[in-house]
Each structure stands twice: as C-alpha cells, then as structure tokens.
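Asks: My structure is stored as data-v3.pdb, with PDB, C-alpha atoms and all ligand atoms.
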MODEL        1
ATOM      1  CA  MET P1094      -5.329 -18.855  11.775  1.00  0.00           C
ATOM      2  CA  ARG P1095      -9.048 -18.716  11.266  1.00  0.00           C
ATOM      3  CA  ALA P1096     -11.553 -16.661   9.378  1.00  0.00           C
ATOM      4  CA  ASP P1097     -13.634 -16.830   6.314  1.00  0.00           C
ATOM      5  CA  VAL P1098     -10.967 -17.360   3.714  1.00  0.00           C
ATOM      6  CA  THR P1099     -12.930 -19.538   1.343  1.00  0.00           C
ATOM      7  CA  ASP P1100     -14.683 -16.840  -0.622  1.00  0.00           C
ATOM      8  CA  SER P1101     -13.008 -16.570  -4.008  1.00  0.00           C
ATOM      9  CA  ARG P1102     -15.782 -14.739  -5.843  1.00  0.00           C
ATOM     10  CA  PRO P1103     -14.622 -11.813  -7.940  1.00  0.00           C
ATOM     11  CA  LEU P1104     -15.113  -8.537  -6.177  1.00  0.00           C
ATOM     12  CA  ASP P1105     -17.362  -5.925  -7.616  1.00  0.00           C
ATOM     13  CA  SER P1106     -16.188  -3.349 -10.088  1.00  0.00           C
ATOM     14  CA  PRO P1107     -15.060   0.094  -9.115  1.00  0.00           C
ATOM     15  CA  THR P1108     -17.384   2.958  -9.767  1.00  0.00           C
ATOM     16  CA  GLY P1109     -16.533   5.850 -12.048  1.00  0.00           C
ATOM     17  CA  GLN P1110     -14.288   3.777 -14.308  1.00  0.00           C
ATOM     18  CA  ASP P1111     -16.460   3.899 -17.454  1.00  0.00           C
ATOM     19  CA  GLY P1112     -17.171   0.265 -16.729  1.00  0.00           C
ATOM     20  CA  ALA P1113     -13.968  -0.441 -18.596  1.00  0.00           C
ATOM     21  CA  GLN P1114     -12.140  -3.410 -17.229  1.00  0.00           C
ATOM     22  CA  THR P1115      -9.240  -4.879 -19.063  1.00  0.00           C
ATOM     23  CA  ALA P1116      -9.102  -8.618 -19.530  1.00  0.00           C
ATOM     24  CA  THR P1117      -6.042  -8.622 -17.333  1.00  0.00           C
ATOM     25  CA  ALA P1118      -7.767  -6.833 -14.515  1.00  0.00           C
ATOM     26  CA  SER P1119     -10.813  -9.059 -14.573  1.00  0.00           C
ATOM     27  CA  ALA P1120      -8.637 -12.141 -14.709  1.00  0.00           C
ATOM     28  CA  TYR P1121      -6.893 -10.789 -11.676  1.00  0.00           C
ATOM     29  CA  MET P1122     -10.116 -10.213  -9.822  1.00  0.00           C
ATOM     30  CA  THR P1123     -11.031 -13.841 -10.053  1.00  0.00           C
ATOM     31  CA  GLN P1124      -7.854 -14.582  -8.202  1.00  0.00           C
ATOM     32  CA  SER P1125      -8.601 -15.896  -4.820  1.00  0.00           C
ATOM     33  CA  LEU P1126      -8.956 -13.403  -2.002  1.00  0.00           C
ATOM     34  CA  ALA P1127      -8.448 -16.434   0.173  1.00  0.00           C
ATOM     35  CA  ALA P1128      -4.947 -17.009  -1.195  1.00  0.00           C
ATOM     36  CA  LEU P1129      -3.929 -13.438  -0.424  1.00  0.00           C
ATOM     37  CA  LEU P1130      -5.366 -13.675   3.069  1.00  0.00           C
ATOM     38  CA  GLU P1131      -3.410 -16.864   3.653  1.00  0.00           C
ATOM     39  CA  ALA P1132      -0.197 -15.293   2.383  1.00  0.00           C
ATOM     40  CA  SER P1133      -0.614 -12.209   4.547  1.00  0.00           C
ATOM     41  CA  ALA P1134      -1.595 -14.146   7.659  1.00  0.00           C
ATOM     42  CA  ALA P1135       1.418 -16.422   7.211  1.00  0.00           C
ATOM     43  CA  LEU P1136       3.693 -13.398   7.619  1.00  0.00           C
ATOM     44  CA  HIS P1137       1.975 -12.380  10.847  1.00  0.00           C
ATOM     45  CA  ARG P1138       0.833 -15.707  12.250  1.00  0.00           C
ATOM     46  CA  HIS P1139      -2.598 -14.170  12.528  1.00  0.00           C
ATOM     47  CA  LEU P1140      -5.229 -12.619  10.344  1.00  0.00           C
ATOM     48  CA  CYS P1141      -6.778  -9.339  11.409  1.00  0.00           C
ATOM     49  CA  PRO P1142      -9.136  -6.716   9.970  1.00  0.00           C
ATOM     50  CA  ARG P1143      -6.289  -4.395   9.014  1.00  0.00           C
ATOM     51  CA  GLN P1144      -4.653  -7.048   6.851  1.00  0.00           C
ATOM     52  CA  VAL P1145      -7.996  -7.637   5.136  1.00  0.00           C
ATOM     53  CA  LEU P1146      -8.325  -3.905   4.552  1.00  0.00           C
ATOM     54  CA  GLY P1147      -4.846  -3.718   3.030  1.00  0.00           C
ATOM     55  CA  ILE P1148      -5.531  -6.670   0.761  1.00  0.00           C
ATOM     56  CA  ARG P1149      -8.885  -5.311  -0.410  1.00  0.00           C
ATOM     57  CA  MET P1150      -7.208  -1.969  -1.165  1.00  0.00           C
ATOM     58  CA  GLY P1151      -4.422  -3.659  -3.099  1.00  0.00           C
ATOM     59  CA  MET P1152      -6.943  -5.677  -5.093  1.00  0.00           C
ATOM     60  CA  TRP P1153      -8.972  -2.578  -5.919  1.00  0.00           C
ATOM     61  CA  ALA P1154      -5.784  -0.765  -6.958  1.00  0.00           C
ATOM     62  CA  ALA P1155      -5.378  -3.376  -9.707  1.00  0.00           C
ATOM     63  CA  GLU P1156      -8.781  -2.422 -11.089  1.00  0.00           C
ATOM     64  CA  LEU P1157      -8.295   1.315 -10.726  1.00  0.00           C
ATOM     65  CA  LEU P1158      -4.907   1.220 -12.455  1.00  0.00           C
ATOM     66  CA  ALA P1159      -6.015  -1.562 -14.834  1.00  0.00           C
ATOM     67  CA  LEU P1160      -2.802  -3.406 -14.099  1.00  0.00           C
ATOM     68  CA  PRO P1161      -2.264  -6.973 -12.937  1.00  0.00           C
ATOM     69  CA  LEU P1162      -1.479  -7.225  -9.242  1.00  0.00           C
ATOM     70  CA  PRO P1163       0.322  -8.740  -7.407  1.00  0.00           C
ATOM     71  CA  GLN P1164       2.832  -7.415  -9.888  1.00  0.00           C
ATOM     72  CA  THR P1165       5.768  -9.372 -11.252  1.00  0.00           C
ATOM     73  CA  ASP P1166       7.780  -6.250 -12.046  1.00  0.00           C
ATOM     74  CA  LYS P1167       8.280  -2.863 -10.383  1.00  0.00           C
ATOM     75  CA  ARG P1168       5.798  -0.825 -12.391  1.00  0.00           C
ATOM     76  CA  VAL P1169       3.475  -0.014  -9.489  1.00  0.00           C
ATOM     77  CA  LEU P1170       4.634   1.996  -6.494  1.00  0.00           C
ATOM     78  CA  ALA P1171       2.573   1.807  -3.314  1.00  0.00           C
ATOM     79  CA  ILE P1172       2.641   4.472  -0.632  1.00  0.00           C
ATOM     80  CA  VAL P1173       1.044   3.366   2.617  1.00  0.00           C
ATOM     81  CA  GLU P1174       0.120   5.846   5.333  1.00  0.00           C
ATOM     82  CA  SER P1175       0.930   3.573   8.270  1.00  0.00           C
ATOM     83  CA  ASP P1176       3.107   0.594   9.023  1.00  0.00           C
ATOM     84  CA  GLY P1177       1.980  -2.609  10.695  1.00  0.00           C
ATOM     85  CA  CYS P1178      -0.511  -5.281   9.664  1.00  0.00           C
ATOM     86  CA  PHE P1179      -2.292  -3.047   7.156  1.00  0.00           C
ATOM     87  CA  SER P1180       0.893  -2.564   5.164  1.00  0.00           C
ATOM     88  CA  THR P1181       1.498  -6.308   4.996  1.00  0.00           C
ATOM     89  CA  GLY P1182      -1.906  -6.778   3.393  1.00  0.00           C
ATOM     90  CA  VAL P1183      -1.039  -4.126   0.816  1.00  0.00           C
ATOM     91  CA  SER P1184       2.376  -5.673   0.156  1.00  0.00           C
ATOM     92  CA  VAL P1185       0.988  -9.145  -0.399  1.00  0.00           C
ATOM     93  CA  ALA P1186      -1.880  -8.031  -2.630  1.00  0.00           C
ATOM     94  CA  MET P1187       0.329  -5.794  -4.773  1.00  0.00           C
ATOM     95  CA  ASN P1188       3.735  -7.461  -4.395  1.00  0.00           C
ATOM     96  CA  CYS P1189       5.129  -4.105  -3.336  1.00  0.00           C
ATOM     97  CA  TRP P1190       7.873  -4.194  -0.730  1.00  0.00           C
ATOM     98  CA  VAL P1191      10.311  -1.776   0.853  1.00  0.00           C
ATOM     99  CA  GLY P1192      13.093  -4.181  -0.139  1.00  0.00           C
ATOM    100  CA  ARG P1193      12.088  -3.947  -3.788  1.00  0.00           C
ATOM    101  CA  ARG P1194      11.714  -0.168  -3.651  1.00  0.00           C
ATOM    102  CA  THR P1195       8.069  -0.506  -4.613  1.00  0.00           C
ATOM    103  CA  LEU P1196       6.639   0.389  -1.204  1.00  0.00           C
ATOM    104  CA  ARG P1197       7.066   3.582   0.766  1.00  0.00           C
ATOM    105  CA  VAL P1198       5.689   4.524   4.165  1.00  0.00           C
ATOM    106  CA  GLU P1199       4.442   8.062   4.708  1.00  0.00           C
ATOM    107  CA  ASP P1200       3.510   7.641   8.332  1.00  0.00           C
ATOM    108  CA  PHE P1201       0.323   9.646   8.727  1.00  0.00           C
ATOM    109  CA  GLY P1202      -1.076   6.960  10.998  1.00  0.00           C
ATOM    110  CA  LYS P1203      -3.835   6.120   8.526  1.00  0.00           C
ATOM    111  CA  ALA P1204      -4.883   2.865   6.914  1.00  0.00           C
ATOM    112  CA  ALA P1205      -4.699   4.458   3.479  1.00  0.00           C
ATOM    113  CA  LEU P1206      -2.878   3.595   0.282  1.00  0.00           C
ATOM    114  CA  THR P1207      -1.820   5.509  -2.785  1.00  0.00           C
ATOM    115  CA  ALA P1208      -1.153   3.248  -5.758  1.00  0.00           C
ATOM    116  CA  ILE P1209       0.900   4.770  -8.562  1.00  0.00           C
ATOM    117  CA  ASP P1210       1.507   3.556 -12.098  1.00  0.00           C
ATOM    118  CA  THR P1211       5.095   4.719 -12.550  1.00  0.00           C
ATOM    119  CA  VAL P1212       4.802   4.496 -16.344  1.00  0.00           C
ATOM    120  CA  ASN P1213       2.012   7.036 -16.828  1.00  0.00           C
ATOM    121  CA  GLY P1214       1.875   8.686 -13.393  1.00  0.00           C
ATOM    122  CA  CYS P1215      -1.724   7.628 -12.826  1.00  0.00           C
ATOM    123  CA  ALA P1216      -2.304   7.531  -9.068  1.00  0.00           C
ATOM    124  CA  TRP P1217      -5.238   6.655  -6.835  1.00  0.00           C
ATOM    125  CA  ARG P1218      -5.514   7.201  -3.107  1.00  0.00           C
ATOM    126  CA  ILE P1219      -7.659   4.571  -1.444  1.00  0.00           C
ATOM    127  CA  ALA P1220      -9.001   4.940   2.089  1.00  0.00           C
ATOM    128  CA  PRO P1221     -11.551   3.126   4.231  1.00  0.00           C
ATOM    129  CA  HIS P1222     -15.141   4.210   3.683  1.00  0.00           C
ATOM    130  CA  PRO P1223     -16.185   6.326   6.687  1.00  0.00           C
ATOM    131  CA  HIS P1224     -19.019   3.881   7.401  1.00  0.00           C
ATOM    132  CA  ALA P1225     -17.073   0.674   6.738  1.00  0.00           C
ATOM    133  CA  ARG P1226     -16.650  -0.176  10.393  1.00  0.00           C
ATOM    134  CA  SER P1227     -20.306   0.238  11.266  1.00  0.00           C
ATOM    135  CA  GLN P1228     -21.539  -1.510   8.108  1.00  0.00           C
ATOM    136  CA  ALA P1229     -19.248  -4.520   8.533  1.00  0.00           C
ATOM    137  CA  ALA P1230     -21.558  -6.173  11.056  1.00  0.00           C
ATOM    138  CA  LEU P1231     -24.311  -6.386   8.434  1.00  0.00           C
ATOM    139  CA  TYR P1232     -22.096  -8.718   6.428  1.00  0.00           C
ATOM    140  CA  ALA P1233     -21.087 -10.885   9.364  1.00  0.00           C
ATOM    141  CA  PRO P1234     -24.218 -11.665  11.358  1.00  0.00           C
ATOM    142  CA  GLU P1235     -22.549 -14.639  12.994  1.00  0.00           C
ATOM    143  CA  ALA P1236     -19.685 -12.560  14.405  1.00  0.00           C
ATOM    144  CA  THR P1237     -19.437 -12.666  18.164  1.00  0.00           C
ATOM    145  CA  SER P1238     -17.382  -9.500  18.556  1.00  0.00           C
ATOM    146  CA  ARG P1239     -16.845  -6.183  16.852  1.00  0.00           C
ATOM    147  CA  TRP P1240     -13.363  -7.332  15.873  1.00  0.00           C
ATOM    148  CA  GLU P1241     -14.712 -10.465  14.236  1.00  0.00           C
ATOM    149  CA  SER P1242     -17.438  -8.532  12.449  1.00  0.00           C
ATOM    150  CA  MET P1243     -14.739  -6.365  10.879  1.00  0.00           C
ATOM    151  CA  LEU P1244     -12.544  -9.366  10.080  1.00  0.00           C
ATOM    152  CA  LEU P1245     -15.345 -11.153   8.251  1.00  0.00           C
ATOM    153  CA  GLY P1246     -17.338  -8.174   7.034  1.00  0.00           C
ATOM    154  CA  TYR P1247     -14.320  -6.547   5.382  1.00  0.00           C
ATOM    155  CA  GLN P1248     -13.857  -9.715   3.313  1.00  0.00           C
ATOM    156  CA  ARG P1249     -17.461  -9.756   2.137  1.00  0.00           C
ATOM    157  CA  MET P1250     -18.473  -6.116   1.735  1.00  0.00           C
ATOM    158  CA  PRO P1251     -18.825  -4.648  -1.749  1.00  0.00           C
ATOM    159  CA  THR P1252     -15.875  -2.417  -2.515  1.00  0.00           C
ATOM    160  CA  SER P1253     -18.168   0.620  -2.709  1.00  0.00           C
ATOM    161  CA  GLU P1254     -19.154   0.158   0.952  1.00  0.00           C
ATOM    162  CA  LEU P1255     -15.702  -0.743   2.217  1.00  0.00           C
ATOM    163  CA  LEU P1256     -13.462   1.743   0.451  1.00  0.00           C
ATOM    164  CA  THR P1257     -13.272   5.122  -1.220  1.00  0.00           C
ATOM    165  CA  ALA P1258     -10.839   6.205  -3.919  1.00  0.00           C
ATOM    166  CA  GLN P1259      -9.725   9.515  -5.384  1.00  0.00           C
ATOM    167  CA  PRO P1260      -7.378  10.170  -8.288  1.00  0.00           C
ATOM    168  CA  VAL P1261      -4.398  12.150  -7.001  1.00  0.00           C
ATOM    169  CA  ARG P1262      -1.210  13.774  -8.201  1.00  0.00           C
ATOM    170  CA  LEU P1263       1.950  13.295  -6.169  1.00  0.00           C
ATOM    171  CA  ASN P1264       3.505  16.465  -4.791  1.00  0.00           C
ATOM    172  CA  THR P1265       6.915  14.896  -5.302  1.00  0.00           C
ATOM    173  CA  PRO P1266       7.169  13.571  -8.856  1.00  0.00           C
ATOM    174  CA  VAL P1267       7.329   9.796  -8.984  1.00  0.00           C
ATOM    175  CA  ALA P1268      10.611  10.007 -10.904  1.00  0.00           C
ATOM    176  CA  ASP P1269      12.154  11.817  -7.918  1.00  0.00           C
ATOM    177  CA  LEU P1270      10.829   9.209  -5.507  1.00  0.00           C
ATOM    178  CA  ILE P1271      12.307   6.394  -7.540  1.00  0.00           C
ATOM    179  CA  SER P1272      15.481   8.315  -8.448  1.00  0.00           C
ATOM    180  CA  ILE P1273      18.323   7.032 -10.589  1.00  0.00           C
ATOM    181  CA  PRO P1274      19.651   3.499 -10.085  1.00  0.00           C
ATOM    182  CA  GLY P1275      23.263   3.552  -8.990  1.00  0.00           C
ATOM    183  CA  HIS P1276      23.327   7.235  -8.083  1.00  0.00           C
ATOM    184  CA  ARG P1277      25.526   7.752  -5.039  1.00  0.00           C
ATOM    185  CA  VAL P1278      27.471  10.579  -3.422  1.00  0.00           C
ATOM    186  CA  THR P1279      29.536  10.924  -0.261  1.00  0.00           C
ATOM    187  CA  CYS P1280      28.537  13.369   2.472  1.00  0.00           C
ATOM    188  CA  ALA P1281      31.171  16.068   2.924  1.00  0.00           C
ATOM    189  CA  VAL P1282      30.728  16.026   6.713  1.00  0.00           C
ATOM    190  CA  CYS P1283      30.202  12.451   7.914  1.00  0.00           C
ATOM    191  CA  GLY P1284      31.688  10.667   4.923  1.00  0.00           C
ATOM    192  CA  GLU P1285      28.784   8.273   4.644  1.00  0.00           C
ATOM    193  CA  GLU P1286      27.384   7.258   1.286  1.00  0.00           C
ATOM    194  CA  VAL P1287      24.040   8.701   0.207  1.00  0.00           C
ATOM    195  CA  LEU P1288      21.954   6.811  -2.346  1.00  0.00           C
ATOM    196  CA  ASN P1289      18.974   7.682  -4.501  1.00  0.00           C
ATOM    197  CA  GLU P1290      19.621  11.451  -4.710  1.00  0.00           C
ATOM    198  CA  ARG P1291      18.681  11.952  -1.068  1.00  0.00           C
ATOM    199  CA  GLU P1292      21.610  14.319  -0.545  1.00  0.00           C
ATOM    200  CA  MET P1293      21.214  18.064   0.035  1.00  0.00           C
ATOM    201  CA  LEU P1294      23.303  20.888  -1.331  1.00  0.00           C
ATOM    202  CA  CYS P1295      24.235  23.363   1.417  1.00  0.00           C
ATOM    203  CA  ASP P1296      26.543  26.287   0.684  1.00  0.00           C
ATOM    204  CA  GLY P1297      28.036  24.399  -2.207  1.00  0.00           C
ATOM    205  CA  ARG P1298      28.672  21.258  -0.175  1.00  0.00           C
ATOM    206  CA  VAL P1299      26.974  17.928  -0.688  1.00  0.00           C
ATOM    207  CA  LEU P1300      25.578  16.746   2.636  1.00  0.00           C
ATOM    208  CA  CYS P1301      23.456  13.900   3.880  1.00  0.00           C
ATOM    209  CA  ARG P1302      20.143  14.929   5.373  1.00  0.00           C
ATOM    210  CA  ALA P1303      21.387  14.327   8.903  1.00  0.00           C
ATOM    211  CA  CYS P1304      24.401  16.577   8.512  1.00  0.00           C
ATOM    212  CA  ALA P1305      22.200  19.160   6.804  1.00  0.00           C
ATOM    213  CA  GLY P1306      20.222  19.396  10.042  1.00  0.00           C
ATOM    214  CA  ALA P1307      17.306  17.074   9.296  1.00  0.00           C
ATOM    215  CA  ALA P1308      18.405  14.160  11.485  1.00  0.00           C
ATOM    216  CA  TYR P1309      15.776  12.102  13.268  1.00  0.00           C
ATOM    217  CA  TYR P1310      18.302  11.162  15.981  1.00  0.00           C
ATOM    218  CA  THR P1311      20.854  12.764  18.258  1.00  0.00           C
ATOM    219  CA  VAL P1312      24.168  11.039  18.795  1.00  0.00           C
ATOM    220  CA  ILE P1313      24.857  10.389  22.467  1.00  0.00           C
ATOM    221  CA  SER P1314      28.452  11.341  23.093  1.00  0.00           C
ATOM    222  CA  GLY P1315      30.698   9.746  25.659  1.00  0.00           C
TER     223      GLY P1315
HETATM  224 ZN    ZN M1401      -2.775  -7.776  12.761  1.00  0.00          ZN
HETATM  225 ZN    ZN M1402      26.546  13.324   6.612  1.00  0.00          ZN
ENDMDL
END
Just give me the structure of the file as structure tokens.
Ligand SMILES: [Zn+2]
Ligand SMILES: [Zn+2]

Replies:
Amino acid sequence: MRADVTDSRPLDSPTGQDGAQTATASAYMTQSLAALLEASAALHRHLCPRQVLGIRMGMWAAELLALPLPQTDKRVLAIVESDGCFSTGVSVAMNCWVGRRTLRVEDFGKAALTAIDTVNGCAWRIAPHPHARSQAALYAPEATSRWESMLLGYQRMPTSELLTAQPVRLNTPVADLISIPGHRVTCAVCGEEVLNEREMLCDGRVLCRACAGAAYYTVISG
C-alpha cells in the first residue's frame, strides 16, 4: 500500500454548525486520518480514492452529529448509497457494519452517506462536492495521474471543498429500520423465518416479502 498516510492534522470544522464543537468531537478530529486509511486499506489490500472519500465522510459525520466516531456502541446508523471500496471507508471511520446492524446499503450507485443519530433522529446526508474531482489536483501537485491526484488530494482538501452535507429526515422512521430485537415470524407460504418486522400482511396472512411478490430472484425448477 502507498499514499500519503502521514497527515494527522485535525480536519477543518464543518460550516453552518454555529461553530459549536463538543470536546468529544474535537478530540476525535485529532485522531489520525492515517490510522483510518491504514485500517481501510488493510481490508482491501489497496488504498483508493473511494476509500478516502468514505473515511472523510465518516469523519465529518462525527462533527455533524457531534458524536465520537468510530463508535463503540450502536448509536449511529450509516446508510451508504453504494457498496464497494467507498463503503469500507465509511465502515472503518464510523465503525458501522452490516454485521452489527449499523450499516445499510441503499444502492443508488452513489458515493454518498447518510449518518443518523438513532437517539434523537438527527440525520445528515453527505455527498462529494461537485467540484471535488477537479479541485483535487490542486492539492496534489506531485501526482502523476488523475487517480493519484484524487487519492492524495482527497486526503488533503478542506472538508468544504471535498464534501457537501444536508440535514435530512428519513422517509422510513429509524425505529422501523432498526426494528425490535428478537422479533420473528414464520411465513405462511414458504415456512421460512422472517426477522426484524420485514414480513408483510396479505389478506390476513403473514408472508415474507418473496412470497408476497417482491422477490429479487426466480426459483429455477427442475
Ligand atoms: Zn478500491
Ligand atoms: Zn415466504
């Protein structure tokens, strides 16, 4: 793995936050970007611009939500809008994982993140700044390729030039996304167990989504 992973300066503050930074958040921001880059790259055996983007988004989410990240509990839910390297960066920076039920993928094919405080419902959607790609080269004059200029530039750019953020409200309440621990029913058609209140009620019968007609697959018979 290569790349400029030695820069551990705190990143700049988000705009539009009353300048209010909690002690926790600022302590977090001094945490080494380099360490997160190392951790992410170790999972992929390479470092790439999309991982950097995911990490920078996860780090900014800590400031926007004024919560310490990577988290040690399950308070923050992350929704990423694509899978792949970008999502690994987000996972490492926030400690949000599918396996911990703190990461969800809404596959819109975008390198965007919504970070949600499940305690108060506060949610921010973070996306790349429209000019991030073109501006990256200014921060990496030594880069020998466009790819490398993004890899290095994304690590060095001020947050305000790299990312944008908007407060959002989830269309599905966060309580419904998380659901009730231990809730389970059995589908009346296939007999399979359905967790997390993902069942559907059809004509008085409890069905899994597949049997209710929303399957993503077709069984090949024979
Ligand atoms: Zn990659
Ligand atoms: Zn079923």

Asks: I'd like the residues picked by the PyMOL selection byres (((chain P and resi 1305-1311) around 10) and not hetatm) written out as a ChimeraX atom specification, using the chain letters and numbers from the file.

Replies: /P:1280,1282,1292-1295,1298-1304,1312-1314

Asks: Expanded to explicit residues, what is the PyMOL selection byres (((chain P and resi 1204-1212) around 10) and not hetatm) for this file, as JSON, numbers by chain?

Replies: {"P": [1143, 1144, 1146, 1147, 1150, 1151, 1153, 1154, 1155, 1157, 1158, 1159, 1160, 1167, 1168, 1169, 1170, 1171, 1172, 1173, 1174, 1175, 1176, 1177, 1178, 1179, 1180, 1183, 1187, 1189, 1195, 1196, 1197, 1198, 1199, 1200, 1201, 1202, 1203, 1213, 1214, 1215, 1216, 1217, 1218, 1219, 1220, 1221, 1256, 1257, 1258, 1259, 1260, 1261, 1262, 1263, 1266, 1267, 1268, 1271]}

Asks: Please save C-alpha atoms of the selected residues as a PDB file, keeping the file's coordinate frame.

Replies:
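Below you can see result.pdb, which holds the result:
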ATOM      1  CA  ARG P1143      -6.289  -4.395   9.014  1.00  0.00           C
ATOM      2  CA  GLN P1144      -4.653  -7.048   6.851  1.00  0.00           C
ATOM      3  CA  LEU P1146      -8.325  -3.905   4.552  1.00  0.00           C
ATOM      4  CA  GLY P1147      -4.846  -3.718   3.030  1.00  0.00           C
ATOM      5  CA  MET P1150      -7.208  -1.969  -1.165  1.00  0.00           C
ATOM      6  CA  GLY P1151      -4.422  -3.659  -3.099  1.00  0.00           C
ATOM      7  CA  TRP P1153      -8.972  -2.578  -5.919  1.00  0.00           C
ATOM      8  CA  ALA P1154      -5.784  -0.765  -6.958  1.00  0.00           C
ATOM      9  CA  ALA P1155      -5.378  -3.376  -9.707  1.00  0.00           C
ATOM     10  CA  LEU P1157      -8.295   1.315 -10.726  1.00  0.00           C
ATOM     11  CA  LEU P1158      -4.907   1.220 -12.455  1.00  0.00           C
ATOM     12  CA  ALA P1159      -6.015  -1.562 -14.834  1.00  0.00           C
ATOM     13  CA  LEU P1160      -2.802  -3.406 -14.099  1.00  0.00           C
ATOM     14  CA  LYS P1167       8.280  -2.863 -10.383  1.00  0.00           C
ATOM     15  CA  ARG P1168       5.798  -0.825 -12.391  1.00  0.00           C
ATOM     16  CA  VAL P1169       3.475  -0.014  -9.489  1.00  0.00           C
ATOM     17  CA  LEU P1170       4.634   1.996  -6.494  1.00  0.00           C
ATOM     18  CA  ALA P1171       2.573   1.807  -3.314  1.00  0.00           C
ATOM     19  CA  ILE P1172       2.641   4.472  -0.632  1.00  0.00           C
ATOM     20  CA  VAL P1173       1.044   3.366   2.617  1.00  0.00           C
ATOM     21  CA  GLU P1174       0.120   5.846   5.333  1.00  0.00           C
ATOM     22  CA  SER P1175       0.930   3.573   8.270  1.00  0.00           C
ATOM     23  CA  ASP P1176       3.107   0.594   9.023  1.00  0.00           C
ATOM     24  CA  GLY P1177       1.980  -2.609  10.695  1.00  0.00           C
ATOM     25  CA  CYS P1178      -0.511  -5.281   9.664  1.00  0.00           C
ATOM     26  CA  PHE P1179      -2.292  -3.047   7.156  1.00  0.00           C
ATOM     27  CA  SER P1180       0.893  -2.564   5.164  1.00  0.00           C
ATOM     28  CA  VAL P1183      -1.039  -4.126   0.816  1.00  0.00           C
ATOM     29  CA  MET P1187       0.329  -5.794  -4.773  1.00  0.00           C
ATOM     30  CA  CYS P1189       5.129  -4.105  -3.336  1.00  0.00           C
ATOM     31  CA  THR P1195       8.069  -0.506  -4.613  1.00  0.00           C
ATOM     32  CA  LEU P1196       6.639   0.389  -1.204  1.00  0.00           C
ATOM     33  CA  ARG P1197       7.066   3.582   0.766  1.00  0.00           C
ATOM     34  CA  VAL P1198       5.689   4.524   4.165  1.00  0.00           C
ATOM     35  CA  GLU P1199       4.442   8.062   4.708  1.00  0.00           C
ATOM     36  CA  ASP P1200       3.510   7.641   8.332  1.00  0.00           C
ATOM     37  CA  PHE P1201       0.323   9.646   8.727  1.00  0.00           C
ATOM     38  CA  GLY P1202      -1.076   6.960  10.998  1.00  0.00           C
ATOM     39  CA  LYS P1203      -3.835   6.120   8.526  1.00  0.00           C
ATOM     40  CA  ASN P1213       2.012   7.036 -16.828  1.00  0.00           C
ATOM     41  CA  GLY P1214       1.875   8.686 -13.393  1.00  0.00           C
ATOM     42  CA  CYS P1215      -1.724   7.628 -12.826  1.00  0.00           C
ATOM     43  CA  ALA P1216      -2.304   7.531  -9.068  1.00  0.00           C
ATOM     44  CA  TRP P1217      -5.238   6.655  -6.835  1.00  0.00           C
ATOM     45  CA  ARG P1218      -5.514   7.201  -3.107  1.00  0.00           C
ATOM     46  CA  ILE P1219      -7.659   4.571  -1.444  1.00  0.00           C
ATOM     47  CA  ALA P1220      -9.001   4.940   2.089  1.00  0.00           C
ATOM     48  CA  PRO P1221     -11.551   3.126   4.231  1.00  0.00           C
ATOM     49  CA  LEU P1256     -13.462   1.743   0.451  1.00  0.00           C
ATOM     50  CA  THR P1257     -13.272   5.122  -1.220  1.00  0.00           C
ATOM     51  CA  ALA P1258     -10.839   6.205  -3.919  1.00  0.00           C
ATOM     52  CA  GLN P1259      -9.725   9.515  -5.384  1.00  0.00           C
ATOM     53  CA  PRO P1260      -7.378  10.170  -8.288  1.00  0.00           C
ATOM     54  CA  VAL P1261      -4.398  12.150  -7.001  1.00  0.00           C
ATOM     55  CA  ARG P1262      -1.210  13.774  -8.201  1.00  0.00           C
ATOM     56  CA  LEU P1263       1.950  13.295  -6.169  1.00  0.00           C
ATOM     57  CA  PRO P1266       7.169  13.571  -8.856  1.00  0.00           C
ATOM     58  CA  VAL P1267       7.329   9.796  -8.984  1.00  0.00           C
ATOM     59  CA  ALA P1268      10.611  10.007 -10.904  1.00  0.00           C
ATOM     60  CA  ILE P1271      12.307   6.394  -7.540  1.00  0.00           C
TER      61      ILE P1271
END

Asks: Of the candidates P:Leu1231, P:Leu1244, P:Met1152, P:Leu1162, which shows the shortest atom-to-atom distance to ligand ZN 1401 (chain M), using only C-alpha atoms and all ligand atoms?

Replies: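 Ranked by minimum distance to ligand ZN 1401 (chain M), first place goes to P:Leu1244.
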
Asks: Expand the PyMOL selection byres (((chain P and resi 1275) around 8) and not hetatm) into the explicit residue set it covers here, and present it as a PyMOL selection string.

Replies: chain P and resi 1273-1274+1276-1277+1288-1289

Asks: Quick one: write out the picked residues with C-alpha atoms as a short mmCIF file (atom, residue, chain, number, x, y, z; two decimals), keeping the file's coordinate frame?

Replies:
data_model
loop_
_atom_site.label_atom_id
_atom_site.label_comp_id
_atom_site.auth_asym_id
_atom_site.auth_seq_id
_atom_site.Cartn_x
_atom_site.Cartn_y
_atom_site.Cartn_z
CA ILE P 1273 18.32 7.03 -10.59
CA PRO P 1274 19.65 3.50 -10.09
CA HIS P 1276 23.33 7.24 -8.08
CA ARG P 1277 25.53 7.75 -5.04
CA LEU P 1288 21.95 6.81 -2.35
CA ASN P 1289 18.97 7.68 -4.50
#

Asks: So, counting only C-alpha atoms and all ligand atoms, which residue among P:Gly1182, P:Trp1190, P:Glu1131, P:Ala1229 is closest to ligand ZN 1401 (chain M)?

Replies: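 Among the listed residues, the smallest separation from ligand ZN 1401 (chain M) belongs to P:Gly1182.
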
Asks: Could you state the separation of atom CA of P:Gly1246 and atom CA of P:Asn1188 in Å, given to one decimal place?

Replies: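 Atom CA of P:Gly1246 sits 24.0 Å away from atom CA of P:Asn1188.
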
Asks: Atom CA of P:Met1243 and atom CA of P:Pro1142, how far apart in Å?

Replies: 5.7 Å

Asks: Closest to ligand ZN 1402 (chain M) among P:Glu1286, P:Glu1235, P:Glu1254, P:Glu1241, using all atoms listed in the file?

Replies: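 Among P:Glu1286, P:Glu1235, P:Glu1254, P:Glu1241, it is P:Glu1286 that comes nearest to ligand ZN 1402 (chain M).
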
Asks: Looking at only C-alpha atoms and all ligand atoms, which of P:Arg1193, P:Arg1138, P:Asp1296, P:Leu1129 is the one that sits closest to ligand ZN 1401 (chain M)?

Replies: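 Of all the options, P:Arg1138 lies closest to ligand ZN 1401 (chain M).
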
Asks: From the list P:Ala1127, P:Trp1240, P:Met1250, P:Gly1192, which residue is nearest ligand ZN 1401 (chain M) when using only C-alpha atoms and all ligand atoms?

Replies: P:Trp1240

Asks: For stretch 1228-1231 of chain P, take all atoms listed in the file, fit an axis-aligned box around them, add 8 Å to each of the six sides, then output centre and edge lengths in Å rounded to one decimal, as lines of an AutoDock Vina configuration file.

Replies:
center_x = -21.8
center_y = -3.9
center_z = 9.6
size_x = 21.1
size_y = 20.9
size_z = 18.9

Asks: Interatomic distance between atom CA of P:Ser1242 and atom CA of P:Ala1230?

Replies: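 Computing the Euclidean distance for atom CA of P:Ser1242 and atom CA of P:Ala1230 yields 4.9 Å.
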